Amino acid sequence: MMMSALWVVVMMIGVTPWGSTHCLEVKQEKSLLVAMTLVPDAGSTGAVCLDGSPPAYHLHGGLGSGARNWLLQFEGGGWCNDVASCAARSKTRRGSTRYMNKLEVFSGILSNDSTTNPDFYDWNRVKLRYCDGASFGGDSEFLNSTTTLYFRGKRIWKAIVLDLLPKGLIQADKVLLSGCSAGGLATFLHCDDLTRFVPETATVKCISDAGFFLDVRDVSGKYTIRSFFGSLVSLQGVQKNLNPNCTSSYGVDAYQCFFPQHALSYIRTPYFILNSAYDVYQFHHIFVPPSADPRGGWNRCKLNPMACSPIQIAILQGFRNEMLKALQSFEGSRNGGMFINSCFTHCQSEPQEAWFGSNSPRLHNKTIAEAVGDWYFERGVAKEVDCPYPCDSTCDNLKPSNQVSEGSQESMPKINC
């Protein structure tokens with residue numbers, strides 16, 4: 001299946017033209033800036049970024065009652081599915097630690113402020129930098145006379161965990177593995193695997209934020225995202241790292257286990273899914289990719305849901321129904337949790353205004369931070385599903401913006417989640 005060059009670029013860099021991607025704008029003096037740590041000797045095990053540079057993470061240590069608790073957050077940032085897009089990615093912060101910011105702002109679920117992150121503020125909090133292009137899932141490489149690319153996401157994951165073990169992870173009491181977007185998808189791939197590294201007595205749970213990417217047809221009737229993920233899995237050698245119980249049941253279509261909805265039922269570790277039923281990344285690049293809308297009939301609707309026609313709204317409600325259908329069996333799980341709201345947004349765990357604040361989105365008067373905390377600590381109801389758009393008035397603070405144009409690399413620095 002052929003996809004437009006624009007769509008491939010957008011999938012590679014992970015840009016969405018919405019102000020509601022809303023990286024938190026914080027005053028410099030109030031920001032928690034955490035320095036990068038390069039994993040020493042990772043190259044000896046082949047755990048390297050696309051360009052061969054060493055992998056990295058940012059760690060802010062816990063204290064007090066949280067000193068033995070750990071939160072690991074996978075960074076997101078799209079994918080690459082062919083040599084050309086991966087080679088381009090290897091020359092950016094999405095494929096090389098050489099181009100990454102050496103300091104990262106920790107906010108939302110990574111904040112160290114008890115008033116803005118009441119349940120996890122004193123934990124050891126780690127951001128795992130993303131530089132492989134396959135949600136930390138691949139193990140392969142590409143070499144020819146002009147290009148060398150390392151698809152080593154699985155090794156990067158292991159190298160970072162092994163580097164954290166002597167820093168206290170090996171003595172963890174509580175662990176939460178999380179991630180946003182492509183990082184959210186990574187939690188589906190590595191949730192059960194994490195339990196191999198920490199004490200058997202540790203409480204291990206996982207949360208995906210905006211990572212429940214649906215295996216659905218686009219508005220033109222094509223499985224555009226299925227084709228994209230299929231080529232990604234093949235190129236980067238991901239299939240051998242997918243859940244073996246899932247892949248054996250899917251046979252020749254085993255690559256589909258890269259989709260969260262197909263992998264979810266095989267995960268044994270308690271799991272929480274945080275997602276918008278109208279996730280703007282999926283709306284713009286999976287449900288209505290440019291290849292499915294060559295005349296731009298959806299452009300105004302993409303920029304502002306209030307500009308959508310009744311037919312377009314009906315189609316979007318259909319995509320919401322597809323997400324709820326894919327979650328139907330999970331809804332009855334004993335250890336599972338959900339927060340599925342109706343805000344047109346993408347990634348809600350790191351931006352402070354979405355995670356926990358006076359104007360944060362709410363379901364049954366509960367913020368995302370409160371819902372996640374109630375689930376992790378088993379304090380109360382852990383499954384919240386919003387009514388259909390446009391009924392949720394708590395989404396008012398997540399209005400779309402025209403500030404970032406689709407596929408614009410010049411706009412990338414404005415969105416750095």
# chains A, B, ... in the order shown; residues from 1 in each chain; ligands from 1
call {"tool": "select_by_dssp", "arguments": {"residues": "stretch 331-412 of chain A", "states": "strand (DSSP E)", "output": "list in words"}}
result
Gly337, Met338, Phe339, Ile340, Asn341, Arg362, Leu363, Lys366, Thr367, Lys383, Glu384 and Val385 of chain A
call {"tool": "residues_around", "arguments": {"residues": "stretch 300-302 of chain A", "least_positions_apart": "3", "cutoff": "8 Å", "atoms": "only C-alpha atoms", "output": "MDAnalysis selection string"}}
result
chainID A and resid 283:284 297 305:309 312
call {"tool": "write_last_selection", "arguments": {"atoms": "N, CA, C and O atoms", "output": "mmCIF file, in the first residue's frame"}}
result
data_model
loop_
_atom_site.group_PDB
_atom_site.id
_atom_site.type_symbol
_atom_site.label_atom_id
_atom_site.label_comp_id
_atom_site.auth_asym_id
_atom_site.auth_seq_id
_atom_site.Cartn_x
_atom_site.Cartn_y
_atom_site.Cartn_z
ATOM 1 N N PHE A 283 -6.472 10.711 14.909
ATOM 2 C CA PHE A 283 -7.420 11.400 14.033
ATOM 3 C C PHE A 283 -6.705 11.886 12.770
ATOM 4 O O PHE A 283 -7.146 11.645 11.646
ATOM 5 N N HIS A 284 -5.563 12.549 12.950
ATOM 6 C CA HIS A 284 -4.887 13.204 11.834
ATOM 7 C C HIS A 284 -4.068 12.246 10.974
ATOM 8 O O HIS A 284 -3.885 12.506 9.781
ATOM 9 N N GLY A 297 -10.525 17.800 2.366
ATOM 10 C CA GLY A 297 -11.875 18.030 2.871
ATOM 11 C C GLY A 297 -11.992 18.008 4.379
ATOM 12 O O GLY A 297 -12.961 18.530 4.935
ATOM 13 N N PRO A 305 -12.543 21.112 15.880
ATOM 14 C CA PRO A 305 -13.671 20.174 15.824
ATOM 15 C C PRO A 305 -15.021 20.866 15.669
ATOM 16 O O PRO A 305 -15.959 20.275 15.150
ATOM 17 N N MET A 306 -15.099 22.138 16.092
ATOM 18 C CA MET A 306 -16.362 22.855 15.939
ATOM 19 C C MET A 306 -16.649 23.207 14.478
ATOM 20 O O MET A 306 -17.759 23.600 14.133
ATOM 21 N N ALA A 307 -15.629 23.056 13.624
ATOM 22 C CA ALA A 307 -15.808 23.301 12.193
ATOM 23 C C ALA A 307 -16.145 22.026 11.428
ATOM 24 O O ALA A 307 -16.316 22.067 10.208
ATOM 25 N N CYS A 308 -16.238 20.910 12.117
ATOM 26 C CA CYS A 308 -16.551 19.641 11.462
ATOM 27 C C CYS A 308 -18.017 19.624 11.027
ATOM 28 O O CYS A 308 -18.894 20.129 11.732
ATOM 29 N N SER A 309 -18.273 19.032 9.885
ATOM 30 C CA SER A 309 -19.641 18.878 9.416
ATOM 31 C C SER A 309 -20.342 17.774 10.213
ATOM 32 O O SER A 309 -19.684 16.957 10.854
ATOM 33 N N GLN A 312 -18.905 14.464 9.289
ATOM 34 C CA GLN A 312 -17.580 14.237 9.859
ATOM 35 C C GLN A 312 -17.664 13.895 11.347
ATOM 36 O O GLN A 312 -16.955 13.004 11.824
#
call {"tool": "residues_around", "arguments": {"residues": "A:Lys366", "least_positions_apart": "2", "cutoff": "12 Å", "atoms": "only C-alpha atoms", "output": "list in words"}}
result
Phe339, Asn341, Ala354, Trp355, Phe356, Gly357, Ser358, Asn359, Ser360, Pro361, Arg362, Leu363, His364, Ile368, Ala369, Glu370, Ala371, Val372, Gly373, Asp374, Gly380, Val381, Ala382, Lys383, Glu384, Val385, Asp386 and Thr394 of chain A
call {"tool": "atom_distance", "arguments": {"atom1": "atom CA of A:Gly230", "atom2": "atom CA of A:Ala254"}}
result
9.4 Å
call {"tool": "residues_around", "arguments": {"residues": "stretch 74-87 of chain A", "least_positions_apart": "3", "cutoff": "9 Å", "atoms": "only C-alpha atoms", "output": "VMD selection string"}}
result
chain A and resid 8 to 15 50 to 51 90 to 91 94 to 95 126 to 136 142 147 to 149 177 to 187 228 to 236 416 to 417
call {"tool": "atom_distance", "arguments": {"atom1": "atom CA of A:Phe258", "atom2": "atom CA of A:Thr224"}}
result
14.6 Å
call {"tool": "closest_residue", "arguments": {"among": "A:Leu59, A:Ala172, A:Ala88, A:Val48", "to": "A:Gly153", "atoms": "only C-alpha atoms"}}
result
A:Val48
call {"tool": "residues_around", "arguments": {"residues": "A:Ser53", "least_positions_apart": "5", "cutoff": "7 Å", "atoms": "only C-alpha atoms", "output": "PyMOL selection string"}}
result
chain A and resi 48+96-98
call {"tool": "residues_around", "arguments": {"residues": "A:Leu327", "least_positions_apart": "3", "cutoff": "12 Å", "atoms": "only C-alpha atoms", "output": "PyMOL selection string"}}
result
chain A and resi 212-214+260-265+272-275+277+320-324+330-333+336-340+383+385
call {"tool": "residues_around", "arguments": {"residues": "A:Leu71", "least_positions_apart": "4", "cutoff": "10 Å", "atoms": "only C-alpha atoms", "output": "NGL selection string"}}
result
:A and (59 or 62 or 109-110 or 120-121 or 123-127 or 169 or 174-178 or 204-206)
call {"tool": "closest_residue", "arguments": {"among": "A:Glu200, A:Ser208, A:Trp375, A:Phe344", "to": "A:Tyr281", "atoms": "only C-alpha atoms"}}
result
A:Phe344
call {"tool": "atom_distance", "arguments": {"atom1": "atom CA of A:Pro40", "atom2": "atom CA of A:Pro54"}}
result
7.7 Å
call {"tool": "decode", "arguments": {"residues": "stretch 259-367 of chain A", "atoms": "C-alpha atoms", "output": "JSON list (two decimals), in the first residue's frame"}}
result
[["chain", "number", "residue", "atom", "x", "y", "z"],
["A", 259, "PHE", "CA", -0.98, -3.09, 17.91],
["A", 260, "PRO", "CA", -1.93, -2.58, 21.57],
["A", 261, "GLN", "CA", -5.48, -3.90, 21.12],
["A", 262, "HIS", "CA", -4.11, -7.27, 19.96],
["A", 263, "ALA", "CA", -1.34, -7.46, 22.59],
["A", 264, "LEU", "CA", -3.39, -6.30, 25.57],
["A", 265, "SER", "CA", -5.14, -9.57, 26.42],
["A", 266, "TYR", "CA", -1.76, -11.33, 26.71],
["A", 267, "ILE", "CA", -0.31, -8.90, 29.28],
["A", 268, "ARG", "CA", -0.39, -10.32, 32.80],
["A", 269, "THR", "CA", 0.80, -7.24, 34.73],
["A", 270, "PRO", "CA", -1.89, -4.80, 35.98],
["A", 271, "TYR", "CA", -2.48, -2.18, 33.30],
["A", 272, "PHE", "CA", -4.04, 1.29, 32.97],
["A", 273, "ILE", "CA", -5.06, 2.88, 29.66],
["A", 274, "LEU", "CA", -5.18, 6.68, 29.49],
["A", 275, "ASN", "CA", -6.44, 7.85, 26.11],
["A", 276, "SER", "CA", -8.70, 10.32, 24.42],
["A", 277, "ALA", "CA", -11.44, 8.71, 22.37],
["A", 278, "TYR", "CA", -10.64, 11.47, 19.85],
["A", 279, "ASP", "CA", -6.86, 11.28, 20.08],
["A", 280, "VAL", "CA", -5.64, 13.93, 17.64],
["A", 281, "TYR", "CA", -2.59, 12.00, 16.49],
["A", 282, "GLN", "CA", -4.77, 9.08, 15.47],
["A", 283, "PHE", "CA", -7.42, 11.40, 14.03],
["A", 284, "HIS", "CA", -4.89, 13.20, 11.83],
["A", 285, "HIS", "CA", -2.59, 10.35, 10.83],
["A", 286, "ILE", "CA", -4.48, 7.06, 11.22],
["A", 287, "PHE", "CA", -8.19, 7.81, 10.82],
["A", 288, "VAL", "CA", -7.73, 10.64, 8.27],
["A", 289, "PRO", "CA", -4.16, 10.52, 6.95],
["A", 290, "PRO", "CA", -3.36, 12.92, 4.10],
["A", 291, "SER", "CA", -3.28, 9.96, 1.70],
["A", 292, "ALA", "CA", -6.97, 9.32, 2.46],
["A", 293, "ASP", "CA", -7.93, 12.98, 2.05],
["A", 294, "PRO", "CA", -6.05, 14.26, -1.02],
["A", 295, "ARG", "CA", -8.46, 17.17, -1.56],
["A", 296, "GLY", "CA", -8.19, 18.38, 2.05],
["A", 297, "GLY", "CA", -11.88, 18.03, 2.87],
["A", 298, "TRP", "CA", -10.99, 17.33, 6.50],
["A", 299, "ASN", "CA", -8.52, 20.17, 6.97],
["A", 300, "ARG", "CA", -10.91, 22.61, 8.69],
["A", 301, "CYS", "CA", -12.28, 19.84, 10.90],
["A", 302, "LYS", "CA", -8.73, 18.85, 11.90],
["A", 303, "LEU", "CA", -7.92, 22.41, 12.91],
["A", 304, "ASN", "CA", -11.10, 22.86, 14.92],
["A", 305, "PRO", "CA", -13.67, 20.17, 15.82],
["A", 306, "MET", "CA", -16.36, 22.85, 15.94],
["A", 307, "ALA", "CA", -15.81, 23.30, 12.19],
["A", 308, "CYS", "CA", -16.55, 19.64, 11.46],
["A", 309, "SER", "CA", -19.64, 18.88, 9.42],
["A", 310, "PRO", "CA", -22.39, 16.63, 10.87],
["A", 311, "ILE", "CA", -21.15, 13.80, 8.64],
["A", 312, "GLN", "CA", -17.58, 14.24, 9.86],
["A", 313, "ILE", "CA", -18.72, 14.26, 13.49],
["A", 314, "ALA", "CA", -20.66, 11.05, 12.84],
["A", 315, "ILE", "CA", -17.51, 9.46, 11.40],
["A", 316, "LEU", "CA", -15.48, 10.57, 14.42],
["A", 317, "GLN", "CA", -18.11, 9.05, 16.70],
["A", 318, "GLY", "CA", -17.62, 5.85, 14.74],
["A", 319, "PHE", "CA", -13.90, 5.90, 15.51],
["A", 320, "ARG", "CA", -14.72, 6.46, 19.19],
["A", 321, "ASN", "CA", -16.97, 3.41, 19.03],
["A", 322, "GLU", "CA", -14.10, 1.41, 17.51],
["A", 323, "MET", "CA", -11.88, 2.32, 20.46],
["A", 324, "LEU", "CA", -14.52, 1.39, 23.02],
["A", 325, "LYS", "CA", -15.16, -1.87, 21.17],
["A", 326, "ALA", "CA", -11.45, -2.70, 21.26],
["A", 327, "LEU", "CA", -11.47, -2.02, 25.02],
["A", 328, "GLN", "CA", -14.65, -3.97, 25.72],
["A", 329, "SER", "CA", -13.01, -7.12, 27.07],
["A", 330, "PHE", "CA", -10.45, -5.10, 29.05],
["A", 331, "GLU", "CA", -13.22, -3.14, 30.74],
["A", 332, "GLY", "CA", -14.09, -6.22, 32.76],
["A", 333, "SER", "CA", -10.53, -6.97, 33.87],
["A", 334, "ARG", "CA", -10.03, -7.13, 37.60],
["A", 335, "ASN", "CA", -6.65, -5.35, 37.70],
["A", 336, "GLY", "CA", -7.15, -2.98, 34.77],
["A", 337, "GLY", "CA", -7.84, 0.74, 34.82],
["A", 338, "MET", "CA", -9.05, 3.24, 32.24],
["A", 339, "PHE", "CA", -9.50, 6.98, 31.76],
["A", 340, "ILE", "CA", -11.00, 7.49, 28.31],
["A", 341, "ASN", "CA", -12.04, 11.11, 27.89],
["A", 342, "SER", "CA", -13.48, 13.05, 24.97],
["A", 343, "CYS", "CA", -10.97, 15.89, 24.71],
["A", 344, "PHE", "CA", -9.34, 16.46, 21.33],
["A", 345, "THR", "CA", -5.81, 16.04, 22.64],
["A", 346, "HIS", "CA", -2.76, 13.78, 22.68],
["A", 347, "CYS", "CA", -0.66, 12.82, 25.73],
["A", 348, "GLN", "CA", -2.05, 13.88, 29.10],
["A", 349, "SER", "CA", 0.33, 12.53, 31.75],
["A", 350, "GLU", "CA", 3.32, 14.88, 31.39],
["A", 351, "PRO", "CA", 1.69, 18.29, 30.74],
["A", 352, "GLN", "CA", 0.78, 19.67, 34.17],
["A", 353, "GLU", "CA", -2.42, 21.34, 32.97],
["A", 354, "ALA", "CA", -3.80, 17.99, 31.85],
["A", 355, "TRP", "CA", -2.43, 15.79, 34.66],
["A", 356, "PHE", "CA", -3.50, 17.67, 37.78],
["A", 357, "GLY", "CA", -4.65, 21.26, 38.13],
["A", 358, "SER", "CA", -7.64, 23.47, 38.80],
["A", 359, "ASN", "CA", -8.71, 23.36, 35.13],
["A", 360, "SER", "CA", -7.64, 19.82, 34.30],
["A", 361, "PRO", "CA", -10.01, 17.50, 32.42],
["A", 362, "ARG", "CA", -12.17, 15.43, 34.74],
["A", 363, "LEU", "CA", -14.42, 12.40, 34.67],
["A", 364, "HIS", "CA", -16.94, 12.17, 37.51],
["A", 365, "ASN", "CA", -15.06, 15.11, 39.06],
["A", 366, "LYS", "CA", -11.82, 13.11, 39.11],
["A", 367, "THR", "CA", -8.58, 14.33, 37.48]]
